[in-house]
file protein-v8.tsv (TSV, C-alpha atoms and all ligand atoms)
chain	number	residue	atom	x	y	z
A	1	MET	CA	16.93	21.01	-32.78
A	2	LEU	CA	17.55	17.76	-30.91
A	3	GLU	CA	16.62	14.65	-32.93
A	4	PRO	CA	15.85	11.25	-31.30
A	5	SER	CA	19.02	9.93	-32.97
A	6	ASP	CA	21.02	12.52	-30.98
A	7	LEU	CA	20.01	10.92	-27.69
A	8	VAL	CA	22.67	8.76	-26.13
A	9	GLU	CA	21.53	5.65	-24.31
A	10	LEU	CA	23.41	5.36	-21.03
A	11	PRO	CA	24.70	1.91	-20.09
A	12	LEU	CA	22.61	0.13	-17.49
A	13	ALA	CA	24.21	0.10	-14.02
A	14	PRO	CA	25.38	-3.45	-13.15
A	15	ASP	CA	22.65	-4.06	-10.53
A	16	HIS	CA	19.80	-2.40	-12.45
A	17	VAL	CA	17.06	-3.67	-14.74
A	18	GLN	CA	15.09	-1.88	-17.43
A	19	VAL	CA	11.35	-2.53	-17.48
A	20	ALA	CA	8.79	-1.70	-20.19
A	21	MET	CA	5.89	-0.60	-18.01
A	22	HIS	CA	2.40	-1.97	-18.71
A	23	ALA	CA	0.46	-0.65	-15.71
A	24	ALA	CA	0.95	1.64	-12.70
A	25	GLY	CA	-1.04	2.02	-9.48
A	26	VAL	CA	-2.16	5.44	-8.25
A	27	ALA	CA	-1.87	5.60	-4.46
A	28	PRO	CA	-2.80	8.27	-1.88
A	29	VAL	CA	0.92	8.92	-1.44
A	30	ASP	CA	1.11	10.05	-5.09
A	31	THR	CA	-1.54	12.72	-4.63
A	32	LYS	CA	-0.11	13.78	-1.27
A	33	LEU	CA	3.41	14.15	-2.70
A	34	ARG	CA	2.05	16.04	-5.73
A	35	ALA	CA	0.10	18.41	-3.48
A	36	GLY	CA	3.21	19.08	-1.35
A	37	LEU	CA	1.53	17.68	1.78
A	38	LEU	CA	4.50	15.46	2.68
A	39	GLN	CA	7.21	18.00	1.98
A	40	HIS	CA	8.19	18.12	5.69
A	41	LEU	CA	8.75	14.33	5.72
A	42	LEU	CA	9.87	13.69	2.14
A	43	PRO	CA	11.33	16.82	0.56
A	44	LEU	CA	10.95	16.36	-3.19
A	45	SER	CA	12.96	17.95	-5.90
A	46	LEU	CA	11.24	18.48	-9.24
A	47	PRO	CA	10.66	17.12	-11.80
A	48	LYS	CA	9.17	14.03	-10.16
A	49	VAL	CA	7.57	11.13	-12.01
A	50	PRO	CA	4.69	9.86	-9.80
A	51	GLY	CA	3.88	6.21	-9.14
A	52	ARG	CA	4.98	3.91	-6.32
A	53	ASP	CA	3.73	0.69	-7.90
A	54	GLY	CA	3.81	-0.87	-11.32
A	55	ALA	CA	4.13	-3.96	-13.47
A	56	GLY	CA	5.82	-4.63	-16.79
A	57	VAL	CA	8.31	-6.74	-18.71
A	58	ILE	CA	12.09	-6.69	-18.33
A	59	THR	CA	13.79	-5.45	-21.50
A	60	ALA	CA	17.42	-5.29	-20.32
A	61	ILE	CA	19.46	-6.35	-17.28
A	62	GLY	CA	22.73	-5.12	-15.80
A	63	ALA	CA	25.80	-7.34	-15.78
A	64	GLU	CA	25.50	-8.29	-12.08
A	65	VAL	CA	21.76	-8.91	-11.89
A	66	GLN	CA	20.88	-12.39	-10.68
A	67	GLY	CA	17.62	-14.32	-10.74
A	68	LEU	CA	15.90	-12.10	-13.33
A	69	GLN	CA	15.95	-12.29	-17.11
A	70	VAL	CA	14.91	-10.29	-20.15
A	71	GLY	CA	11.25	-11.13	-20.85
A	72	ASP	CA	10.28	-11.72	-17.19
A	73	GLU	CA	6.97	-10.17	-16.13
A	74	VAL	CA	7.68	-8.23	-12.95
A	75	CYS	CA	6.17	-6.01	-10.27
A	76	VAL	CA	8.19	-2.97	-9.23
A	77	MET	CA	8.20	-0.63	-6.25
A	78	PRO	CA	10.60	2.30	-6.68
A	79	GLY	CA	11.70	4.43	-3.71
A	80	MET	CA	9.43	7.27	-2.68
A	81	LEU	CA	11.73	10.03	-3.87
A	82	GLY	CA	13.05	8.44	-7.04
A	83	ARG	CA	11.50	8.29	-10.48
A	84	GLY	CA	8.08	6.62	-10.26
A	85	THR	CA	6.23	4.11	-12.40
A	86	THR	CA	4.03	6.26	-14.66
A	87	LEU	CA	6.35	6.12	-17.65
A	88	ALA	CA	7.00	3.87	-20.62
A	89	CYS	CA	10.36	2.59	-19.50
A	90	ALA	CA	11.62	2.34	-15.91
A	91	VAL	CA	15.17	1.69	-14.75
A	92	LEU	CA	15.41	0.35	-11.22
A	93	PRO	CA	17.83	-1.42	-8.89
A	94	GLN	CA	17.16	-5.15	-8.76
A	95	GLN	CA	16.07	-4.89	-5.10
A	96	GLN	CA	12.93	-3.01	-6.17
A	97	VAL	CA	11.88	-5.64	-8.74
A	98	VAL	CA	10.22	-9.03	-8.15
A	99	ARG	CA	8.71	-11.57	-10.53
A	100	LYS	CA	4.96	-11.14	-10.96
A	101	PRO	CA	2.92	-14.21	-9.98
A	102	ALA	CA	1.50	-15.79	-13.14
A	103	SER	CA	-1.94	-15.86	-11.53
A	104	LEU	CA	-2.12	-12.05	-11.51
A	105	SER	CA	-2.77	-9.79	-14.49
A	106	MET	CA	-0.45	-6.85	-15.18
A	107	GLN	CA	-3.09	-4.56	-13.69
A	108	GLU	CA	-3.30	-6.63	-10.50
A	109	GLY	CA	0.50	-6.76	-10.41
A	110	ALA	CA	0.52	-2.95	-10.44
A	111	ALA	CA	-1.78	-2.93	-7.40
A	112	LEU	CA	0.19	-5.39	-5.29
A	113	LEU	CA	3.55	-4.26	-3.93
A	114	GLN	CA	2.89	-0.88	-2.30
A	115	PRO	CA	-0.37	-1.92	-0.61
A	116	GLY	CA	1.09	-5.36	0.07
A	117	ALA	CA	4.21	-4.04	1.81
A	118	SER	CA	1.99	-1.54	3.65
A	119	ALA	CA	-0.12	-4.43	4.93
A	120	TRP	CA	2.64	-6.99	5.56
A	121	ILE	CA	5.01	-4.75	7.56
A	122	PRO	CA	2.43	-3.40	10.08
A	123	LEU	CA	0.83	-6.82	10.67
A	124	LEU	CA	3.92	-9.03	10.79
A	125	ARG	CA	6.83	-6.79	11.77
A	126	THR	CA	5.18	-4.11	13.86
A	127	ALA	CA	2.14	-5.78	15.48
A	128	ARG	CA	3.44	-9.38	15.25
A	129	ILE	CA	-0.03	-10.82	14.77
A	130	GLN	CA	-0.58	-14.28	16.27
A	131	PRO	CA	-3.55	-16.67	15.96
A	132	GLY	CA	-6.42	-15.65	18.21
A	133	MET	CA	-5.39	-11.99	18.56
A	134	ARG	CA	-8.23	-9.47	18.34
A	135	VAL	CA	-7.37	-7.00	15.59
A	136	LEU	CA	-9.35	-3.99	14.41
A	137	ILE	CA	-8.44	-2.63	10.97
A	138	HIS	CA	-9.72	0.81	10.03
A	139	ALA	CA	-10.39	1.33	6.28
A	140	GLY	CA	-10.69	-2.40	5.58
A	141	SER	CA	-12.08	-1.70	2.09
A	142	GLY	CA	-9.09	0.30	0.80
A	143	ALA	CA	-6.15	-1.01	-1.19
A	144	VAL	CA	-4.04	-1.54	1.96
A	145	GLY	CA	-6.89	-2.42	4.34
A	146	SER	CA	-8.37	-5.09	2.06
A	147	LEU	CA	-5.03	-6.91	1.94
A	148	MET	CA	-4.64	-6.50	5.72
A	149	VAL	CA	-8.02	-8.08	6.36
A	150	GLN	CA	-7.15	-11.04	4.12
A	151	LEU	CA	-3.73	-11.56	5.73
A	152	ALA	CA	-4.87	-11.07	9.35
A	153	ALA	CA	-7.69	-13.59	8.82
A	154	HIS	CA	-5.22	-16.01	7.21
A	155	LEU	CA	-2.96	-15.65	10.27
A	156	GLY	CA	-5.86	-16.70	12.49
A	157	ALA	CA	-6.65	-13.32	14.02
A	158	ASP	CA	-10.18	-12.36	15.07
A	159	VAL	CA	-10.67	-9.45	12.64
A	160	THR	CA	-12.96	-6.45	13.01
A	161	ALA	CA	-12.84	-3.80	10.26
A	162	THR	CA	-14.40	-0.45	9.42
A	163	CYS	CA	-15.54	0.81	6.01
A	164	ARG	CA	-18.52	2.65	4.44
A	165	SER	CA	-21.90	0.91	4.73
A	166	SER	CA	-22.05	-0.14	1.07
A	167	ASN	CA	-18.78	-2.08	1.52
A	168	VAL	CA	-19.72	-4.06	4.64
A	169	ASP	CA	-20.51	-7.32	2.80
A	170	TYR	CA	-17.41	-6.92	0.64
A	171	VAL	CA	-15.11	-6.61	3.67
A	172	ALA	CA	-16.83	-9.47	5.48
A	173	GLY	CA	-16.14	-11.55	2.35
A	174	LEU	CA	-12.43	-10.77	2.71
A	175	GLY	CA	-12.41	-12.46	6.12
A	176	ALA	CA	-13.49	-9.95	8.76
A	177	ARG	CA	-15.73	-11.51	11.45
A	178	GLN	CA	-17.27	-8.14	12.32
A	179	VAL	CA	-17.56	-5.08	10.04
A	180	ILE	CA	-18.64	-1.65	11.26
A	181	ALA	CA	-19.87	1.01	8.82
A	182	TYR	CA	-18.22	4.33	9.72
A	183	ASP	CA	-21.02	6.29	8.01
A	184	ARG	CA	-23.84	4.51	9.87
A	185	ASP	CA	-22.64	2.91	13.10
A	186	ASP	CA	-20.41	3.86	15.99
A	187	PHE	CA	-17.29	1.71	16.47
A	188	SER	CA	-16.77	2.88	20.07
A	189	ALA	CA	-18.64	-0.15	21.49
A	190	VAL	CA	-15.71	-2.38	20.41
A	191	ARG	CA	-13.49	-3.28	23.38
A	192	GLU	CA	-10.44	-5.31	24.44
A	193	GLN	CA	-8.65	-5.32	21.08
A	194	ASP	CA	-5.03	-6.50	21.13
A	195	VAL	CA	-4.20	-4.40	18.08
A	196	VAL	CA	-5.82	-1.50	16.23
A	197	ILE	CA	-4.43	-0.62	12.81
A	198	ASP	CA	-5.14	2.99	11.90
A	199	LEU	CA	-5.09	3.89	8.20
A	200	VAL	CA	-7.29	6.96	8.67
A	201	GLY	CA	-5.90	9.21	11.41
A	202	GLY	CA	-7.53	12.31	12.90
A	203	ALA	CA	-10.73	11.67	14.89
A	204	THR	CA	-10.66	7.96	14.01
A	205	HIS	CA	-7.22	7.68	15.59
A	206	ASP	CA	-8.25	9.66	18.66
A	207	ARG	CA	-11.34	7.51	19.23
A	208	SER	CA	-9.45	4.24	18.82
A	209	TYR	CA	-7.57	4.26	22.16
A	210	PRO	CA	-10.50	3.05	24.32
A	211	LEU	CA	-10.98	0.05	21.98
A	212	LEU	CA	-7.67	-1.45	23.10
A	213	ARG	CA	-6.98	-3.57	26.16
A	214	ARG	CA	-4.31	-2.20	28.50
A	215	GLY	CA	-0.97	-3.25	27.02
A	216	GLY	CA	-2.50	-3.31	23.54
A	217	HIS	CA	-0.88	-1.84	20.45
A	218	LEU	CA	-2.06	0.98	18.23
A	219	VAL	CA	-0.23	0.86	14.89
A	220	TRP	CA	-0.61	3.74	12.47
A	221	LEU	CA	0.58	4.61	8.99
A	222	VAL	CA	0.96	8.14	7.72
A	223	ALA	CA	-2.60	9.37	7.37
A	224	ALA	CA	-4.11	12.50	8.92
A	225	PRO	CA	-2.12	13.91	11.90
A	226	ILE	CA	-2.43	11.98	15.15
A	227	ARG	CA	-2.29	12.81	18.88
A	228	ASP	CA	-0.35	10.14	20.80
A	229	ARG	CA	-2.48	9.16	23.84
A	230	GLY	CA	-0.55	5.95	24.60
A	231	SER	CA	0.44	6.75	28.19
A	232	GLU	CA	-3.11	7.88	29.05
A	233	PHE	CA	-4.53	4.47	28.00
A	234	GLY	CA	-1.52	2.23	28.80
A	235	VAL	CA	-1.01	1.15	25.19
A	236	THR	CA	1.94	1.12	22.81
A	237	VAL	CA	1.68	3.46	19.84
A	238	THR	CA	3.87	2.78	16.80
A	239	ARG	CA	4.10	4.37	13.42
A	240	SER	CA	4.87	1.54	11.02
A	241	LEU	CA	7.52	2.55	8.51
A	242	ILE	CA	6.96	1.20	5.02
A	243	GLU	CA	10.01	0.56	2.89
A	244	GLU	CA	10.73	-1.23	-0.37
A	245	ASP	CA	12.66	-4.02	1.37
A	246	GLN	CA	13.27	-6.85	-1.11
A	247	GLN	CA	12.54	-9.60	1.42
A	248	VAL	CA	9.18	-8.02	2.14
A	249	LEU	CA	8.39	-7.58	-1.57
A	250	GLN	CA	9.15	-11.27	-2.11
A	251	GLN	CA	6.84	-12.25	0.77
A	252	VAL	CA	4.12	-10.05	-0.73
A	253	VAL	CA	4.28	-11.76	-4.14
A	254	ASP	CA	4.60	-15.21	-2.54
A	255	LEU	CA	1.37	-14.64	-0.60
A	256	ALA	CA	-0.34	-13.63	-3.84
A	257	ALA	CA	1.06	-16.68	-5.66
A	258	GLN	CA	-0.23	-18.92	-2.83
A	259	GLY	CA	-3.68	-17.33	-3.09
A	260	VAL	CA	-3.58	-15.99	0.48
A	261	TRP	CA	-4.44	-12.52	-0.79
A	262	ARG	CA	-5.40	-10.85	-4.02
A	263	PRO	CA	-4.97	-7.12	-4.71
A	264	ALA	CA	-8.20	-5.26	-5.43
A	265	ILE	CA	-8.66	-2.96	-8.43
A	266	SER	CA	-11.17	-0.16	-8.12
A	267	ALA	CA	-10.94	0.99	-11.77
A	268	VAL	CA	-8.57	1.05	-14.74
A	269	LEU	CA	-7.92	4.24	-16.70
A	270	PRO	CA	-5.64	4.99	-19.65
A	271	MET	CA	-2.38	6.71	-18.77
A	272	ALA	CA	-3.64	9.87	-20.50
A	273	GLU	CA	-6.16	10.22	-17.67
A	274	ILE	CA	-3.63	10.37	-14.83
A	275	ALA	CA	-4.86	13.84	-13.81
A	276	ARG	CA	-8.43	12.52	-13.50
A	277	ALA	CA	-7.13	9.55	-11.50
A	278	HIS	CA	-5.47	11.90	-8.98
A	279	GLN	CA	-8.62	13.99	-8.81
A	280	MET	CA	-10.85	10.93	-8.18
A	281	LEU	CA	-8.57	9.81	-5.36
A	282	GLU	CA	-8.57	13.26	-3.78
A	283	GLU	CA	-12.38	13.41	-3.97
A	284	GLY	CA	-12.80	10.05	-2.16
A	285	ALA	CA	-14.29	8.54	-5.33
A	286	VAL	CA	-11.99	5.51	-5.23
A	287	THR	CA	-13.18	2.55	-3.21
A	288	ARG	CA	-12.51	-1.19	-3.02
A	289	GLY	CA	-8.90	-1.06	-4.13
A	290	ARG	CA	-6.44	0.69	-6.40
A	291	LEU	CA	-6.97	2.88	-9.41
A	292	VAL	CA	-4.65	1.49	-12.05
A	293	LEU	CA	-3.33	3.27	-15.14
A	294	GLU	CA	-2.80	1.28	-18.32
A	295	ILE	CA	0.44	2.20	-20.10
A	296	ASN	CA	0.68	1.48	-23.82
A	301	LIG	N1	4.08	4.77	4.05
A	301	LIG	C1	2.96	4.89	4.70
A	301	LIG	O1	3.00	5.32	5.79
A	301	LIG	C2	1.66	4.50	4.06
A	301	LIG	C3	1.62	3.40	3.19
A	301	LIG	C4	0.38	3.03	2.63
A	301	LIG	C5	-0.76	3.77	2.96
A	301	LIG	N2	-0.66	4.84	3.79
A	301	LIG	C6	-1.84	5.66	4.11
A	301	LIG	O2	-2.88	4.79	4.53
A	301	LIG	C7	-4.12	5.29	4.05
A	301	LIG	C8	-4.86	4.18	3.27
A	301	LIG	O3	-4.13	3.86	2.10
A	301	LIG	P1	-4.81	3.06	0.90
A	301	LIG	O4	-3.80	2.95	-0.14
A	301	LIG	O5	-5.46	1.84	1.41
A	301	LIG	O6	-5.94	4.10	0.47
A	301	LIG	P2	-7.28	3.86	-0.34
A	301	LIG	O7	-7.19	2.65	-1.20
A	301	LIG	O8	-7.62	5.16	-0.96
A	301	LIG	O9	-8.35	3.50	0.78
A	301	LIG	C9	-8.74	4.43	1.72
A	301	LIG	C10	-9.99	3.90	2.38
A	301	LIG	O10	-10.25	4.68	3.55
A	301	LIG	C11	-11.57	4.39	3.90
A	301	LIG	N3	-12.06	5.41	4.81
A	301	LIG	C12	-12.23	6.73	4.57
A	301	LIG	N4	-12.69	7.34	5.68
A	301	LIG	C13	-12.80	6.38	6.64
A	301	LIG	C14	-13.21	6.37	7.99
A	301	LIG	N5	-13.60	7.49	8.61
A	301	LIG	N6	-13.19	5.21	8.67
A	301	LIG	C15	-12.80	4.05	8.06
A	301	LIG	N7	-12.40	3.99	6.78
A	301	LIG	C16	-12.39	5.15	6.08
A	301	LIG	C17	-12.33	4.33	2.59
A	301	LIG	O11	-13.27	3.30	2.74
A	301	LIG	P3	-14.64	3.24	1.92
A	301	LIG	O12	-14.19	3.13	0.48
A	301	LIG	O13	-15.33	2.01	2.41
A	301	LIG	O14	-15.35	4.51	2.21
A	301	LIG	C18	-11.24	4.01	1.55
A	301	LIG	O15	-11.50	2.80	0.88
A	301	LIG	C19	-3.80	6.53	3.21
A	301	LIG	O16	-3.94	7.69	4.01
A	301	LIG	C20	-2.36	6.34	2.85
A	301	LIG	O17	-1.70	7.54	2.57
A	301	LIG	C21	0.53	5.21	4.34
call {"tool": "encode", "arguments": {"input": "protein-v8.tsv", "output": "C-alpha cells"}}
result
Amino acid sequence: MLEPSDLVELPLAPDHVQVAMHAAGVAPVDTKLRAGLLQHLLPLSLPKVPGRDGAGVITAIGAEVQGLQVGDEVCVMPGMLGRGTTLACAVLPQQQVVRKPASLSMQEGAALLQPGASAWIPLLRTARIQPGMRVLIHAGSGAVGSLMVQLAAHLGADVTATCRSSNVDYVAGLGARQVIAYDRDDFSAVREQDVVIDLVGGATHDRSYPLLRRGGHLVWLVAAPIRDRGSEFGVTVTRSLIEEDQQVLQQVVDLAAQGVWRPAISAVLPMAEIARAHQMLEEGAVTRGRLVLEIN
C-alpha cells in the first residue's frame, strides 16, 4: 500500500506559486461545468477540481516568480479547465495570482476575482462605459451584477438594474438610480439605454432589445441561450469573453483596495458542504453575492 512518505513532491515550475487555500467561491460556472452544460464550449476531462475563485497564503514560489513572496495573502483565479480552488493546496502560474487587499477578509478575497473580472471586462473593455451613459444591468443583486452596479455608478453612468423585489433597496444602495423588480414589475417601459448588460439570457435577453437606443450595445455573458436580434433593432450585440488576464485581475483588486467596490458574500459554508453549496446555487437559493467555502 502507498504510504504518504512514498509520495514524491514535484519541484515547483519556475513561474508558479503554491498557495495554502483558505476559502473558495462557488460560482454558477462551477455547477454548469459539473452538470456538463458547457461541454460544447469547454470540453472537460475528468477528474476536475471545481472552483474558479479562491484566497489563501503563498507557501512556496518558483525561481522566476517576481513581486510575490512566501507568506503573502493572495486571491487566485485559475483557468476554467485547469485544477480549481476547492483544495487544500493549489499550484498556479503567477499570472493567476494577485495580492489580496488587506481591507478584505479571506472569504471576501475568494469572492472577488471571478465576479470582478466578469464585471470589469464587460463594462470597461466591451461596453466602454463613459460618464453620463445610460446603462441597464440585469441581475444587479448577483455576485457579478452587484460589482457591475458599483463600478458603473463609480464611472458616472446612469444605472438602472433588475433584481427580485426583496433586493430592490439593496441594489439601490449599491448605486443604481432606478431598480426594477423582475418578479413584480415590467422592465419594458425602460427606453433609450446606451448599454444593456445581460447576465440572465433567455426571455430577459429577448425583451431587452427595445430598451436600447438605435446604435446602442447589448452585452451578454454566457447565461441561458440567446437569439441575436441586433440587425432588427439596429444595435450591436457582443458576447463579452471573460479571461484570467493578469492586468484585469490587478485592476479588480486595486478597485477593491480603493474602496470603489466590495464583493458580496451570500453565505459561508464549510468545505465539507460543497455538494449542498452546488445544490443551493442550482435551486436559486443564493442571492446577494457569492457562496463561499471555508477550507481548513
Ligand atoms: N464567462 C462568462 O461568460 C460568465 C462569467 C460570469 C458570470 N456568467 C454568468 O452570468 C450569470 C450571473 O453570474 P453571477 O455569478 O452573478 O450569478 P449569481 O451570483 O448566482 O447571481 C445571479 C442573479 O440572477 C438574478 N436573476 C435571476 N433571474 C433573474 C431575472 N429574470 N431577471 C433579473 N435577475 C435575475 C438573481 O437575482 P435575485 O437574487 O435578486 O433574484 C441572482 O442574484 C450566470 O448565468 C453566470 O453563469 C458568465
call {"tool": "closest_atom_pairs", "arguments": {"input": "protein-v8.tsv", "of": "chain A", "to": "ligand LIG 301 (chain A)", "cutoff": "6 Å", "atoms": "all atoms listed in the file", "output": "JSON lines"}}
result
{"residue": "A:Ala27", "atom": "CA", "partner": "A:LIG301", "partner_atom": "O4", "distance": 5.4}
{"residue": "A:Pro28", "atom": "CA", "partner": "A:LIG301", "partner_atom": "O17", "distance": 4.6}
{"residue": "A:Val29", "atom": "CA", "partner": "A:LIG301", "partner_atom": "O17", "distance": 5.0}
{"residue": "A:Pro115", "atom": "CA", "partner": "A:LIG301", "partner_atom": "C4", "distance": 6.0}
{"residue": "A:Ser118", "atom": "CA", "partner": "A:LIG301", "partner_atom": "C4", "distance": 5.0}
{"residue": "A:His138", "atom": "CA", "partner": "A:LIG301", "partner_atom": "C15", "distance": 4.9}
{"residue": "A:Ala139", "atom": "CA", "partner": "A:LIG301", "partner_atom": "N7", "distance": 3.4}
{"residue": "A:Ser141", "atom": "CA", "partner": "A:LIG301", "partner_atom": "O15", "distance": 4.7}
{"residue": "A:Gly142", "atom": "CA", "partner": "A:LIG301", "partner_atom": "O9", "distance": 3.3}
{"residue": "A:Ala143", "atom": "CA", "partner": "A:LIG301", "partner_atom": "O7", "distance": 3.8}
{"residue": "A:Val144", "atom": "CA", "partner": "A:LIG301", "partner_atom": "O5", "distance": 3.7}
{"residue": "A:Gly145", "atom": "CA", "partner": "A:LIG301", "partner_atom": "O5", "distance": 5.4}
{"residue": "A:Thr162", "atom": "CA", "partner": "A:LIG301", "partner_atom": "C15", "distance": 5.0}
{"residue": "A:Cys163", "atom": "CA", "partner": "A:LIG301", "partner_atom": "O13", "distance": 3.8}
{"residue": "A:Arg164", "atom": "CA", "partner": "A:LIG301", "partner_atom": "O13", "distance": 3.8}
{"residue": "A:Asn167", "atom": "CA", "partner": "A:LIG301", "partner_atom": "O13", "distance": 5.4}
{"residue": "A:Tyr182", "atom": "CA", "partner": "A:LIG301", "partner_atom": "N6", "distance": 5.2}
{"residue": "A:Leu199", "atom": "CA", "partner": "A:LIG301", "partner_atom": "O2", "distance": 4.4}
{"residue": "A:Val200", "atom": "CA", "partner": "A:LIG301", "partner_atom": "O16", "distance": 5.8}
{"residue": "A:Leu221", "atom": "CA", "partner": "A:LIG301", "partner_atom": "O1", "distance": 4.1}
{"residue": "A:Val222", "atom": "CA", "partner": "A:LIG301", "partner_atom": "O1", "distance": 4.0}
{"residue": "A:Ala223", "atom": "CA", "partner": "A:LIG301", "partner_atom": "O16", "distance": 4.0}
{"residue": "A:Leu241", "atom": "CA", "partner": "A:LIG301", "partner_atom": "O1", "distance": 6.0}
{"residue": "A:Ile242", "atom": "CA", "partner": "A:LIG301", "partner_atom": "N1", "distance": 4.7}
{"residue": "A:Thr287", "atom": "CA", "partner": "A:LIG301", "partner_atom": "O12", "distance": 3.9}
{"residue": "A:Arg288", "atom": "CA", "partner": "A:LIG301", "partner_atom": "O15", "distance": 5.7}
{"residue": "A:Gly289", "atom": "CA", "partner": "A:LIG301", "partner_atom": "O7", "distance": 5.0}
{"residue": "A:Arg290", "atom": "CA", "partner": "A:LIG301", "partner_atom": "O7", "distance": 5.6}
call {"tool": "residues_around", "arguments": {"input": "protein-v8.tsv", "residues": "segment 12-16 of chain A", "least_positions_apart": "2", "cutoff": "9 Å", "atoms": "only C-alpha atoms", "output": "short mmCIF file (atom, residue, chain, number, x, y, z; two decimals) with C-alpha atoms, in the frame of the given file"}}
result
data_model
loop_
_atom_site.label_atom_id
_atom_site.label_comp_id
_atom_site.auth_asym_id
_atom_site.auth_seq_id
_atom_site.Cartn_x
_atom_site.Cartn_y
_atom_site.Cartn_z
CA GLU A 9 21.53 5.65 -24.31
CA LEU A 10 23.41 5.36 -21.03
CA GLN A 18 15.09 -1.88 -17.43
CA ALA A 60 17.42 -5.29 -20.32
CA ILE A 61 19.46 -6.35 -17.28
CA GLY A 62 22.73 -5.12 -15.80
CA ALA A 63 25.80 -7.34 -15.78
CA GLU A 64 25.50 -8.29 -12.08
CA VAL A 65 21.76 -8.91 -11.89
CA GLN A 66 20.88 -12.39 -10.68
CA VAL A 91 15.17 1.69 -14.75
CA LEU A 92 15.41 0.35 -11.22
CA PRO A 93 17.83 -1.42 -8.89
CA GLN A 94 17.16 -5.15 -8.76
CA GLN A 95 16.07 -4.89 -5.10
#
call {"tool": "closest_residue", "arguments": {"input": "protein-v8.tsv", "among": "A:Leu81, A:Val171, A:Ala285, A:Met21", "to": "Pro47 of chain A", "atoms": "only C-alpha atoms"}}
result
A:Leu81
call {"tool": "closest_residue", "arguments": {"input": "protein-v8.tsv", "among": "A:Gly25, A:Ile265, A:Thr238, A:Met80", "to": "Gln39 of chain A", "atoms": "all atoms listed in the file"}}
result
A:Met80
call {"tool": "residues_around", "arguments": {"input": "protein-v8.tsv", "residues": "Leu68 of chain A", "least_positions_apart": "6", "cutoff": "9 Å", "atoms": "all atoms listed in the file", "output": "list in words"}}
result
Val17, Ile58, Ile61, Gln94, Val97, Val98 and Arg99 of chain A
call {"tool": "residues_near_point", "arguments": {"input": "protein-v8.tsv", "point": "(-0.3, 11.2, 19.2)", "cutoff": "10 Å", "atoms": "only C-alpha atoms", "output": "ChimeraX atom specification"}}
result
/A:201-202,205-206,225-230,237-239
call {"tool": "closest_residue", "arguments": {"input": "protein-v8.tsv", "among": "A:Arg83, A:Ala23, A:Thr31, A:Pro101", "to": "Gly284 of chain A", "atoms": "all atoms listed in the file"}}
result
A:Thr31
call {"tool": "residues_around", "arguments": {"input": "protein-v8.tsv", "residues": "Val76 of chain A", "least_positions_apart": "6", "cutoff": "9 Å", "atoms": "all atoms listed in the file", "output": "compact mmCIF listing (two decimals) with C-alpha atoms, keeping the file's coordinate frame"}}
result
# COMPACT_ATOMS: atom_id res chain seq x y z
CA VAL A 19 11.35 -2.53 -17.48
CA ARG A 52 4.98 3.91 -6.32
CA ASP A 53 3.73 0.69 -7.90
CA GLY A 54 3.81 -0.87 -11.32
CA ALA A 55 4.13 -3.96 -13.47
CA GLY A 56 5.82 -4.63 -16.79
CA THR A 85 6.23 4.11 -12.40
CA LEU A 92 15.41 0.35 -11.22
CA GLN A 96 12.93 -3.01 -6.17
CA VAL A 97 11.88 -5.64 -8.74
CA VAL A 98 10.22 -9.03 -8.15
CA ARG A 99 8.71 -11.57 -10.53
CA LYS A 100 4.96 -11.14 -10.96
CA GLY A 109 0.50 -6.76 -10.41
CA ALA A 110 0.52 -2.95 -10.44
CA LEU A 113 3.55 -4.26 -3.93
CA GLN A 114 2.89 -0.88 -2.30
CA LEU A 249 8.39 -7.58 -1.57
call {"tool": "closest_residue", "arguments": {"input": "protein-v8.tsv", "among": "A:Leu147, A:Ala257, A:Val57, A:Leu212", "to": "Arg134 of chain A", "atoms": "all atoms listed in the file"}}
result
A:Leu212
call {"tool": "closest_residue", "arguments": {"input": "protein-v8.tsv", "among": "A:Leu124, A:Val49, A:Ala157, A:Leu281", "to": "Pro78 of chain A", "atoms": "all atoms listed in the file"}}
result
A:Val49
call {"tool": "closest_residue", "arguments": {"input": "protein-v8.tsv", "among": "A:Gly116, A:Gly36, A:Gly51, A:Gly84", "to": "Asp245 of chain A", "atoms": "all atoms listed in the file"}}
result
A:Gly116
call {"tool": "atom_distance", "arguments": {"input": "protein-v8.tsv", "atom1": "atom CA of Gly175 of chain A", "atom2": "atom CA of Leu293 of chain A"}}
result
28.0 Å
